[in-house]
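Participant: What follows is target.json, JSON, C-alpha atoms.
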```json
[["chain", "number", "residue", "atom", "x", "y", "z"],
["A", 104, "MET", "CA", -63.70, 70.22, 66.28],
["A", 105, "SER", "CA", -64.96, 68.50, 63.13],
["A", 106, "LYS", "CA", -62.71, 67.39, 60.31],
["A", 107, "LEU", "CA", -64.12, 70.12, 58.13],
["A", 108, "ASP", "CA", -63.12, 72.73, 60.69],
["A", 109, "GLY", "CA", -59.45, 71.99, 60.34],
["A", 110, "ASP", "CA", -58.52, 68.45, 61.41],
["A", 111, "THR", "CA", -56.87, 66.92, 58.36],
["A", 112, "ALA", "CA", -55.27, 63.90, 60.03],
["A", 113, "MET", "CA", -55.94, 60.70, 58.10],
["A", 114, "GLY", "CA", -54.70, 57.12, 58.06],
["A", 115, "GLY", "CA", -56.84, 55.33, 60.61],
["A", 116, "LEU", "CA", -56.11, 54.05, 64.08],
["A", 117, "ASN", "CA", -52.68, 55.09, 65.38],
["A", 118, "GLY", "CA", -51.82, 56.44, 61.91],
["A", 119, "ARG", "CA", -51.11, 52.95, 60.57],
["A", 120, "PHE", "CA", -50.24, 52.93, 56.90],
["A", 121, "PRO", "CA", -52.95, 51.20, 54.81],
["A", 122, "THR", "CA", -52.27, 48.26, 52.54],
["A", 123, "THR", "CA", -51.10, 49.19, 49.06],
["A", 124, "GLU", "CA", -52.05, 47.78, 45.68],
["A", 125, "TRP", "CA", -48.85, 45.74, 45.78],
["A", 126, "THR", "CA", -49.51, 44.19, 49.19],
["A", 127, "ARG", "CA", -53.12, 43.39, 48.29],
["A", 128, "ILE", "CA", -52.36, 41.78, 44.94],
["A", 129, "LEU", "CA", -49.64, 39.63, 46.52],
["A", 130, "ASN", "CA", -51.98, 38.57, 49.34],
["A", 131, "PRO", "CA", -54.05, 35.52, 48.27],
["A", 132, "ALA", "CA", -56.89, 36.49, 50.62],
["A", 133, "GLN", "CA", -57.31, 39.91, 49.00],
["A", 134, "ARG", "CA", -56.25, 39.10, 45.46],
["A", 135, "GLU", "CA", -59.65, 38.48, 43.86],
["A", 136, "ASN", "CA", -61.15, 41.76, 45.11],
["A", 137, "ILE", "CA", -58.14, 43.90, 44.16],
["A", 138, "LEU", "CA", -58.02, 42.44, 40.64],
["A", 139, "VAL", "CA", -61.63, 43.45, 40.03],
["A", 140, "GLU", "CA", -60.90, 46.91, 41.45],
["A", 141, "LEU", "CA", -57.87, 47.28, 39.17],
["A", 142, "CYS", "CA", -59.99, 46.59, 36.10],
["A", 143, "ALA", "CA", -62.42, 49.34, 37.08],
["A", 144, "LYS", "CA", -59.70, 51.79, 38.13],
["A", 145, "TYR", "CA", -57.25, 51.47, 35.25],
["A", 146, "TRP", "CA", -59.44, 50.54, 32.27],
["A", 147, "LYS", "CA", -59.89, 54.12, 31.07],
["A", 148, "PRO", "CA", -56.26, 55.28, 31.57],
["A", 149, "LEU", "CA", -54.99, 52.25, 29.64],
["A", 150, "TYR", "CA", -57.56, 52.86, 26.92],
["A", 151, "HIS", "CA", -56.41, 56.49, 26.57],
["A", 152, "TYR", "CA", -52.80, 55.32, 26.41],
["A", 153, "LEU", "CA", -53.58, 53.03, 23.46],
["A", 154, "ARG", "CA", -55.66, 55.68, 21.70],
["A", 155, "CYS", "CA", -52.75, 58.08, 21.99],
["A", 156, "LYS", "CA", -50.51, 55.36, 20.51],
["A", 157, "GLY", "CA", -52.70, 55.49, 17.40],
["A", 158, "PHE", "CA", -55.09, 52.59, 17.88],
["A", 159, "THR", "CA", -58.70, 53.07, 16.84],
["A", 160, "ASN", "CA", -61.53, 53.12, 19.35],
["A", 161, "ASP", "CA", -62.42, 49.46, 18.73],
["A", 162, "GLU", "CA", -58.80, 48.30, 18.67],
["A", 163, "ALA", "CA", -58.03, 50.05, 21.98],
["A", 164, "LYS", "CA", -61.16, 48.64, 23.63],
["A", 165, "ASP", "CA", -60.37, 45.11, 22.45],
["A", 166, "LEU", "CA", -56.77, 45.32, 23.61],
["A", 167, "VAL", "CA", -57.64, 46.64, 27.07],
["A", 168, "GLN", "CA", -60.41, 44.10, 27.50],
["A", 169, "GLY", "CA", -58.14, 41.29, 26.38],
["A", 170, "PHE", "CA", -55.35, 42.51, 28.66],
["A", 171, "PHE", "CA", -57.56, 42.45, 31.74],
["A", 172, "THR", "CA", -59.27, 39.18, 30.80],
["A", 173, "GLU", "CA", -56.17, 37.25, 29.76],
["A", 174, "LYS", "CA", -53.44, 38.83, 31.88],
["A", 175, "VAL", "CA", -54.68, 40.76, 34.91],
["A", 176, "LEU", "CA", -57.34, 38.19, 35.81],
["A", 177, "GLY", "CA", -55.04, 35.30, 34.90],
["A", 178, "ARG", "CA", -52.21, 33.66, 36.82],
["A", 179, "GLU", "CA", -49.38, 35.07, 34.69],
["A", 180, "PHE", "CA", -49.91, 38.64, 35.93],
["A", 181, "ILE", "CA", -49.82, 37.48, 39.54],
["A", 182, "GLN", "CA", -46.69, 35.42, 38.97],
["A", 183, "LYS", "CA", -44.87, 38.38, 37.43],
["A", 184, "SER", "CA", -46.00, 40.89, 40.07],
["A", 185, "ASP", "CA", -42.91, 42.20, 41.84],
["A", 186, "ARG", "CA", -43.01, 45.33, 43.99],
["A", 187, "THR", "CA", -39.26, 45.82, 43.50],
["A", 188, "ARG", "CA", -40.07, 46.92, 39.94],
["A", 189, "GLY", "CA", -41.35, 50.27, 41.22],
["A", 190, "LYS", "CA", -44.78, 51.86, 41.23],
["A", 191, "PHE", "CA", -47.66, 49.53, 40.51],
["A", 192, "ARG", "CA", -49.25, 51.60, 37.74],
["A", 193, "SER", "CA", -45.88, 51.73, 35.95],
["A", 194, "PHE", "CA", -45.68, 47.93, 36.19],
["A", 195, "LEU", "CA", -49.24, 47.71, 34.86],
["A", 196, "LEU", "CA", -48.41, 49.93, 31.89],
["A", 197, "VAL", "CA", -45.34, 47.85, 31.02],
["A", 198, "ALA", "CA", -47.50, 44.71, 31.21],
["A", 199, "LEU", "CA", -49.98, 46.27, 28.76],
["A", 200, "LYS", "CA", -47.16, 47.20, 26.37],
["A", 201, "ASN", "CA", -45.86, 43.63, 26.43],
["A", 202, "TYR", "CA", -49.35, 42.24, 25.94],
["A", 203, "THR", "CA", -49.94, 44.55, 22.96],
["A", 204, "ILE", "CA", -46.68, 43.44, 21.35],
["A", 205, "ASP", "CA", -47.67, 39.79, 21.81],
["A", 206, "VAL", "CA", -51.08, 40.41, 20.22],
["A", 207, "GLN", "CA", -49.50, 42.25, 17.30],
["A", 208, "LYS", "CA", -47.19, 39.34, 16.66],
["A", 209, "LYS", "CA", -50.06, 36.82, 16.69],
["A", 210, "ASP", "CA", -52.68, 38.82, 14.82],
["A", 211, "SER", "CA", -51.84, 39.97, 11.31],
["A", 212, "LEU", "CA", -54.74, 42.44, 11.45],
["A", 213, "LEU", "CA", -52.85, 44.51, 14.02],
["A", 214, "GLN", "CA", -49.67, 45.95, 12.56],
["A", 215, "VAL", "CA", -46.63, 46.80, 14.67],
["A", 216, "LEU", "CA", -47.41, 50.42, 13.95],
["A", 217, "PRO", "CA", -51.20, 50.72, 13.61],
["A", 218, "GLU", "CA", -52.42, 52.35, 10.45],
["A", 219, "LYS", "CA", -53.83, 55.81, 11.10],
["A", 220, "THR", "CA", -57.51, 56.19, 10.31],
["A", 221, "GLU", "CA", -60.06, 58.88, 10.97],
["A", 222, "ASP", "CA", -60.81, 57.10, 14.25],
["A", 223, "SER", "CA", -57.17, 57.04, 15.32],
["A", 224, "VAL", "CA", -55.78, 59.59, 17.75],
["A", 225, "GLY", "CA", -52.02, 59.09, 17.95],
["A", 226, "ILE", "CA", -51.27, 62.62, 19.15],
["A", 227, "GLY", "CA", -49.12, 63.52, 22.13],
["A", 228, "ASP", "CA", -47.30, 61.41, 24.71],
["A", 229, "PRO", "CA", -49.13, 58.10, 25.38],
["A", 230, "GLU", "CA", -47.69, 57.68, 28.88],
["A", 231, "ALA", "CA", -48.58, 61.26, 29.76],
["A", 232, "GLU", "CA", -52.11, 60.59, 28.51],
["A", 233, "PHE", "CA", -52.29, 57.45, 30.65],
["A", 234, "ASN", "CA", -51.22, 59.44, 33.73],
["A", 235, "ARG", "CA", -53.59, 62.29, 32.91],
["A", 236, "ALA", "CA", -56.56, 59.95, 32.61],
["A", 237, "TRP", "CA", -55.60, 58.23, 35.87],
["A", 238, "ALA", "CA", -55.21, 61.56, 37.68],
["A", 239, "ASP", "CA", -58.46, 62.92, 36.27],
["A", 240, "ASP", "CA", -60.37, 59.87, 37.53],
["A", 241, "LEU", "CA", -58.73, 60.24, 40.93],
["A", 242, "LEU", "CA", -59.58, 63.95, 41.02],
["A", 243, "GLN", "CA", -63.25, 63.27, 40.30],
["A", 244, "GLU", "CA", -63.33, 60.54, 42.95],
["A", 245, "VAL", "CA", -61.83, 62.86, 45.57],
["A", 246, "ILE", "CA", -64.18, 65.71, 44.66],
["A", 247, "LYS", "CA", -67.20, 63.40, 44.90],
["A", 248, "GLU", "CA", -66.10, 62.12, 48.31],
["A", 249, "LEU", "CA", -65.54, 65.69, 49.50],
["A", 250, "GLU", "CA", -68.99, 66.76, 48.29],
["A", 251, "THR", "CA", -70.64, 63.83, 50.03],
["A", 252, "GLU", "CA", -68.80, 64.61, 53.26],
["A", 253, "CYS", "CA", -69.80, 68.27, 53.11],
["A", 254, "TYR", "CA", -73.48, 67.43, 52.68],
["A", 255, "LYS", "CA", -73.41, 64.84, 55.45],
["A", 256, "ARG", "CA", -71.89, 67.40, 57.84],
["A", 257, "GLY", "CA", -74.26, 70.18, 56.87],
["A", 258, "LYS", "CA", -71.47, 72.18, 55.21],
["A", 259, "ILE", "CA", -73.50, 72.96, 52.10],
["A", 260, "ALA", "CA", -72.41, 76.61, 51.98],
["A", 261, "HIS", "CA", -68.77, 75.52, 52.37],
["A", 262, "TRP", "CA", -69.14, 73.17, 49.43],
["A", 263, "GLY", "CA", -70.93, 75.77, 47.32],
["A", 264, "LEU", "CA", -68.14, 78.29, 47.88],
["A", 265, "PHE", "CA", -65.45, 75.73, 47.11],
["A", 266, "ARG", "CA", -67.20, 74.58, 43.95],
["A", 267, "GLU", "CA", -67.96, 78.03, 42.55],
["A", 268, "TRP", "CA", -64.63, 79.60, 43.49],
["A", 269, "LEU", "CA", -62.27, 76.76, 42.57],
["A", 270, "LEU", "CA", -64.04, 74.19, 40.41],
["A", 271, "GLU", "CA", -66.36, 76.13, 38.15],
["A", 272, "PRO", "CA", -64.74, 77.31, 34.87],
["A", 273, "LYS", "CA", -64.09, 80.94, 33.95],
["A", 274, "ILE", "CA", -64.25, 82.30, 37.45],
["A", 275, "ASN", "CA", -62.68, 85.75, 37.69],
["A", 276, "LYS", "CA", -61.66, 85.90, 41.33],
["A", 277, "ASP", "CA", -62.23, 89.58, 42.06],
["A", 278, "GLN", "CA", -63.81, 91.08, 45.17],
["A", 279, "THR", "CA", -67.08, 91.92, 43.40],
["A", 280, "GLN", "CA", -67.66, 88.34, 42.30],
["A", 281, "MET", "CA", -66.80, 86.96, 45.74],
["A", 282, "SER", "CA", -69.31, 89.41, 47.17],
["A", 283, "ASN", "CA", -71.94, 88.01, 44.83],
["A", 284, "ILE", "CA", -71.12, 84.45, 45.89],
["A", 285, "CYS", "CA", -71.25, 85.48, 49.56],
["A", 286, "ALA", "CA", -74.70, 86.94, 49.04],
["A", 287, "LYS", "CA", -75.85, 83.75, 47.34],
["A", 288, "TYR", "CA", -74.88, 81.64, 50.36],
["A", 289, "ASP", "CA", -75.78, 84.26, 53.00],
["A", 290, "ILE", "CA", -72.17, 84.73, 54.13],
["A", 291, "SER", "CA", -71.42, 87.98, 55.93],
["A", 292, "ASP", "CA", -68.16, 88.96, 54.24],
["A", 293, "ALA", "CA", -65.40, 87.85, 51.88],
["A", 294, "PRO", "CA", -62.76, 87.11, 54.59],
["A", 295, "LYS", "CA", -65.14, 84.60, 56.19],
["A", 296, "ALA", "CA", -65.77, 83.03, 52.79],
["A", 297, "TYR", "CA", -62.04, 82.68, 52.11],
["A", 298, "ASN", "CA", -61.59, 81.00, 55.49],
["A", 299, "MET", "CA", -64.41, 78.55, 54.69],
["A", 300, "ILE", "CA", -62.81, 77.77, 51.32],
["A", 301, "SER", "CA", -59.45, 77.23, 53.04],
["A", 302, "ASN", "CA", -61.00, 74.66, 55.38],
["A", 303, "ILE", "CA", -62.48, 72.73, 52.45],
["A", 304, "LYS", "CA", -59.17, 72.86, 50.60],
["A", 305, "LYS", "CA", -57.54, 71.23, 53.63],
["A", 306, "ARG", "CA", -60.12, 68.46, 53.53],
["A", 307, "PHE", "CA", -59.57, 68.05, 49.78],
["A", 308, "ARG", "CA", -55.83, 67.61, 50.34],
["A", 309, "ALA", "CA", -56.42, 65.19, 53.22],
["A", 310, "ILE", "CA", -58.80, 63.03, 51.18],
["A", 311, "LEU", "CA", -56.41, 63.07, 48.22],
["A", 312, "ARG", "CA", -53.54, 62.07, 50.48],
["A", 313, "ASP", "CA", -55.59, 59.25, 51.94],
["A", 314, "HIS", "CA", -56.33, 57.90, 48.45],
["A", 315, "LEU", "CA", -52.68, 58.11, 47.43],
["A", 316, "ARG", "CA", -51.60, 56.16, 50.51],
["A", 317, "SER", "CA", -52.87, 53.03, 48.77],
["A", 318, "LEU", "CA", -50.16, 53.57, 46.14],
["A", 319, "ALA", "CA", -47.19, 54.11, 48.43],
["A", 320, "ASP", "CA", -45.27, 52.55, 51.31],
["A", 321, "SER", "CA", -44.28, 55.72, 53.14],
["A", 322, "GLU", "CA", -45.30, 59.34, 53.63],
["A", 323, "ALA", "CA", -42.30, 60.36, 51.52],
["A", 324, "GLU", "CA", -43.68, 58.29, 48.63],
["A", 325, "VAL", "CA", -47.11, 59.87, 49.16],
["A", 326, "ASP", "CA", -45.48, 63.30, 48.90],
["A", 327, "ASP", "CA", -43.90, 62.20, 45.62],
["A", 328, "GLU", "CA", -47.27, 60.99, 44.31],
["A", 329, "ILE", "CA", -48.86, 64.32, 45.24],
["A", 330, "ARG", "CA", -46.14, 66.24, 43.41],
["A", 331, "LYS", "CA", -46.72, 64.12, 40.32],
["A", 332, "PHE", "CA", -50.48, 64.54, 40.65],
["A", 333, "ILE", "CA", -50.12, 68.34, 40.83],
["A", 334, "SER", "CA", -47.70, 68.40, 37.89],
["A", 335, "ILE", "CA", -50.33, 66.74, 35.71],
["A", 336, "PHE", "CA", -52.61, 69.71, 36.36],
["A", 337, "SER", "CA", -49.69, 72.17, 36.17],
["A", 338, "ARG", "CA", -51.59, 74.68, 34.04],
["A", 339, "ASN", "CA", -53.21, 75.76, 37.31],
["A", 340, "PRO", "CA", -51.21, 74.10, 40.09],
["A", 341, "ALA", "CA", -52.37, 76.48, 42.85],
["A", 342, "ARG", "CA", -56.06, 75.57, 42.67],
["A", 343, "PHE", "CA", -55.78, 73.08, 45.50]]
```
Mind turning the file's structure into structure tokens?
Facilitator:
Amino acid sequence: MSKLDGDTAMGGLNGRFPTTEWTRILNPAQRENILVELCAKYWKPLYHYLRCKGFTNDEAKDLVQGFFTEKVLGREFIQKSDRTRGKFRSFLLVALKNYTIDVQKKDSLLQVLPEKTEDSVGIGDPEAEFNRAWADDLLQEVIKELETECYKRGKIAHWGLFREWLLEPKINKDQTQMSNICAKYDISDAPKAYNMISNIKKRFRAILRDHLRSLADSEAEVDDEIRKFISIFSRNPARF
């Protein structure tokens, strides 16, 4: 039985838990690679956080770039890394806040409360925006991995159904439309199509869970991460 036909077990040999961001950043042998990965992974969420705080496009870019260059890639960030402080991305966000305060104190051009301009955003909850940007990037990464896996395994019709039924906007899930999608992919009937979609949803959840394992130390923590991930997309939590 292939993974796409129902096997959703992940985690590698003997189900061993993978290394987390904390364990990698505290391991000298892995530190250089994980720091580069962190810059790529968290640049946009941190940028969105600062934009939501009211910084202009250029100010937010400069602050994030400076944060990664001066702090994340420097020794101070490593020295202050402490997994007892909770989730890594929460620690990273606190580090950015502290860095921003330091910059504001040193640079008279950046006020404690940035002046609103036409380029400023400053609407909504900055931390919620940070988490939304992080979750959106993760969602796109998981979807891309799922699509690649489907094509490699010759499950093109499975992927097409999943994409059109769950990912495409403004889909009215009635029997007539499912019949049209079935005809498009030469699928005999709607029940078979729903079963195919269910299999791909299982793979989506398995891939998502595998990604989130790098952020947690136990399956219980992974479950918590998944709940938080779903809550971010709570306007349609049943999609996946």
Participant: Tell me, as a count of residues only, which residues lie within 12 Å of Arg192 of chain A, counting all atoms listed in the file; anything in the same chain fewer than 2 positions away does not count.
Facilitator: 30
Participant: Counting only C-alpha atoms, which residue out of A:Arg235, A:Lys174, A:Lys200, A:His261 sits closest to Lys147 of chain A?
Facilitator: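 Of A:Arg235, A:Lys174, A:Lys200, A:His261, the one nearest Lys147 of chain A is A:Arg235, counting only C-alpha atoms.
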Participant: Restricting the calculation to all atoms listed in the file: of A:Leu315, A:Ile204, A:Ile128, A:Val167, which residue gets closest to Ala143 of chain A?
Facilitator: A:Val167
Participant: Take atom CA of Ser282 of chain A and atom CA of Lys258 of chain A and report the distance between them in Å, one decimal.
Facilitator: 19.1 Å
Participant: Considering all atoms listed in the file, can you say which of A:Tyr152, A:Phe158, A:Phe171, A:Phe336 comes closest to Glu232 of chain A?
Facilitator: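 Using all atoms listed in the file, the shortest distance to Glu232 of chain A belongs to A:Tyr152.
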Participant: Calculated over all atoms listed in the file, which of the candidates A:Glu244, A:Asp165, A:Asp205, A:Asp289 has the smallest distance to Ala260 of chain A?
Facilitator: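 Among the listed residues, the smallest separation from Ala260 of chain A belongs to A:Asp289.
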Participant: Work out how far apart atom CA of Arg330 of chain A and atom CA of Glu252 of chain A are and give it in Å to one decimal.
Facilitator: 24.8 Å
Participant: When you count only C-alpha atoms, which of these residues is closest to Leu270 of chain A: A:Gln168, A:Gln133, A:Gln243, A:Ser321?
Facilitator: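 With only C-alpha atoms as the atom set, the closest residue is A:Gln243.
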Participant: Figure out the distance between atom CA of Ile303 of chain A and atom CA of Arg266 of chain A, please, to one decimal in Å.
Facilitator: 9.9 Å
Participant: From the block I gave, I'd like segment 290-327 of chain A written with N, CA and C atoms, as a tab-separated table (two decimals), in the first residue's frame.
Facilitator:
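In the end it all went to part.tsv:
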```
chain	number	residue	atom	x	y	z
A	290	ILE	N	-13.37	10.20	-13.62
A	290	ILE	CA	-13.66	9.44	-12.41
A	290	ILE	C	-15.11	8.98	-12.48
A	291	SER	N	-15.35	7.72	-12.17
A	291	SER	CA	-16.65	7.11	-12.42
A	291	SER	C	-17.81	7.73	-11.65
A	292	ASP	N	-17.60	8.07	-10.39
A	292	ASP	CA	-18.71	8.61	-9.60
A	292	ASP	C	-18.19	9.47	-8.45
A	293	ALA	N	-19.12	10.22	-7.84
A	293	ALA	CA	-18.75	11.13	-6.76
A	293	ALA	C	-18.21	10.41	-5.52
A	294	PRO	N	-18.82	9.28	-5.07
A	294	PRO	CA	-18.27	8.60	-3.89
A	294	PRO	C	-16.79	8.22	-4.05
A	295	LYS	N	-16.41	7.78	-5.25
A	295	LYS	CA	-15.01	7.44	-5.49
A	295	LYS	C	-14.14	8.71	-5.39
A	296	ALA	N	-14.65	9.81	-5.91
A	296	ALA	CA	-13.91	11.07	-5.86
A	296	ALA	C	-13.71	11.52	-4.42
A	297	TYR	N	-14.77	11.41	-3.60
A	297	TYR	CA	-14.65	11.81	-2.20
A	297	TYR	C	-13.63	10.94	-1.47
A	298	ASN	N	-13.58	9.67	-1.80
A	298	ASN	CA	-12.61	8.77	-1.18
A	298	ASN	C	-11.19	9.16	-1.58
A	299	MET	N	-11.00	9.53	-2.84
A	299	MET	CA	-9.68	9.97	-3.32
A	299	MET	C	-9.26	11.25	-2.60
A	300	ILE	N	-10.20	12.17	-2.44
A	300	ILE	CA	-9.91	13.43	-1.74
A	300	ILE	C	-9.54	13.14	-0.28
A	301	SER	N	-10.25	12.19	0.34
A	301	SER	CA	-9.97	11.84	1.73
A	301	SER	C	-8.55	11.31	1.89
A	302	ASN	N	-8.11	10.50	0.93
A	302	ASN	CA	-6.74	9.97	0.99
A	302	ASN	C	-5.70	11.10	0.91
A	303	ILE	N	-5.95	12.08	0.04
A	303	ILE	CA	-5.01	13.19	-0.10
A	303	ILE	C	-5.04	14.08	1.15
A	304	LYS	N	-6.21	14.22	1.75
A	304	LYS	CA	-6.29	15.00	2.99
A	304	LYS	C	-5.46	14.34	4.09
A	305	LYS	N	-5.47	13.00	4.13
A	305	LYS	CA	-4.65	12.29	5.11
A	305	LYS	C	-3.17	12.56	4.88
A	306	ARG	N	-2.76	12.58	3.62
A	306	ARG	CA	-1.37	12.86	3.32
A	306	ARG	C	-1.02	14.32	3.67
A	307	PHE	N	-1.97	15.23	3.41
A	307	PHE	CA	-1.74	16.63	3.78
A	307	PHE	C	-1.48	16.73	5.27
A	308	ARG	N	-2.34	16.09	6.07
A	308	ARG	CA	-2.19	16.16	7.52
A	308	ARG	C	-0.88	15.52	7.98
A	309	ALA	N	-0.50	14.41	7.32
A	309	ALA	CA	0.75	13.74	7.70
A	309	ALA	C	1.97	14.62	7.38
A	310	ILE	N	1.96	15.25	6.23
A	310	ILE	CA	3.08	16.12	5.85
A	310	ILE	C	3.14	17.33	6.78
A	311	LEU	N	1.97	17.91	7.08
A	311	LEU	CA	1.92	19.03	8.02
A	311	LEU	C	2.48	18.61	9.38
A	312	ARG	N	2.06	17.46	9.84
A	312	ARG	CA	2.52	16.99	11.15
A	312	ARG	C	4.03	16.78	11.15
A	313	ASP	N	4.55	16.26	10.04
A	313	ASP	CA	5.98	16.03	9.94
A	313	ASP	C	6.75	17.35	10.01
A	314	HIS	N	6.23	18.39	9.36
A	314	HIS	CA	6.87	19.70	9.41
A	314	HIS	C	6.83	20.27	10.83
A	315	LEU	N	5.72	20.10	11.50
A	315	LEU	CA	5.56	20.67	12.83
A	315	LEU	C	6.38	19.93	13.88
A	316	ARG	N	6.81	18.71	13.57
A	316	ARG	CA	7.65	17.98	14.52
A	316	ARG	C	8.98	18.70	14.77
A	317	SER	N	9.42	19.50	13.81
A	317	SER	CA	10.67	20.23	14.00
A	317	SER	C	10.52	21.38	14.99
A	318	LEU	N	9.29	21.63	15.43
A	318	LEU	CA	9.03	22.73	16.35
A	318	LEU	C	8.65	22.24	17.75
A	319	ALA	N	8.63	20.92	17.94
A	319	ALA	CA	8.13	20.39	19.20
A	319	ALA	C	9.00	19.24	19.68
A	320	ASP	N	8.83	18.90	20.96
A	320	ASP	CA	9.61	17.83	21.58
A	320	ASP	C	8.78	16.58	21.84
A	321	SER	N	7.50	16.64	21.57
A	321	SER	CA	6.63	15.48	21.82
A	321	SER	C	5.43	15.54	20.90
A	322	GLU	N	4.73	14.41	20.77
A	322	GLU	CA	3.53	14.37	19.95
A	322	GLU	C	2.44	15.27	20.53
A	323	ALA	N	2.43	15.39	21.85
A	323	ALA	CA	1.44	16.28	22.49
A	323	ALA	C	1.69	17.72	22.07
A	324	GLU	N	2.96	18.12	21.98
A	324	GLU	CA	3.28	19.48	21.55
A	324	GLU	C	2.95	19.66	20.07
A	325	VAL	N	3.13	18.61	19.27
A	325	VAL	CA	2.74	18.68	17.85
A	325	VAL	C	1.24	18.89	17.74
A	326	ASP	N	0.48	18.17	18.56
A	326	ASP	CA	-0.98	18.35	18.56
A	326	ASP	C	-1.35	19.80	18.88
A	327	ASP	N	-0.63	20.38	19.83
A	327	ASP	CA	-0.88	21.77	20.20
A	327	ASP	C	-0.56	22.71	19.05
```
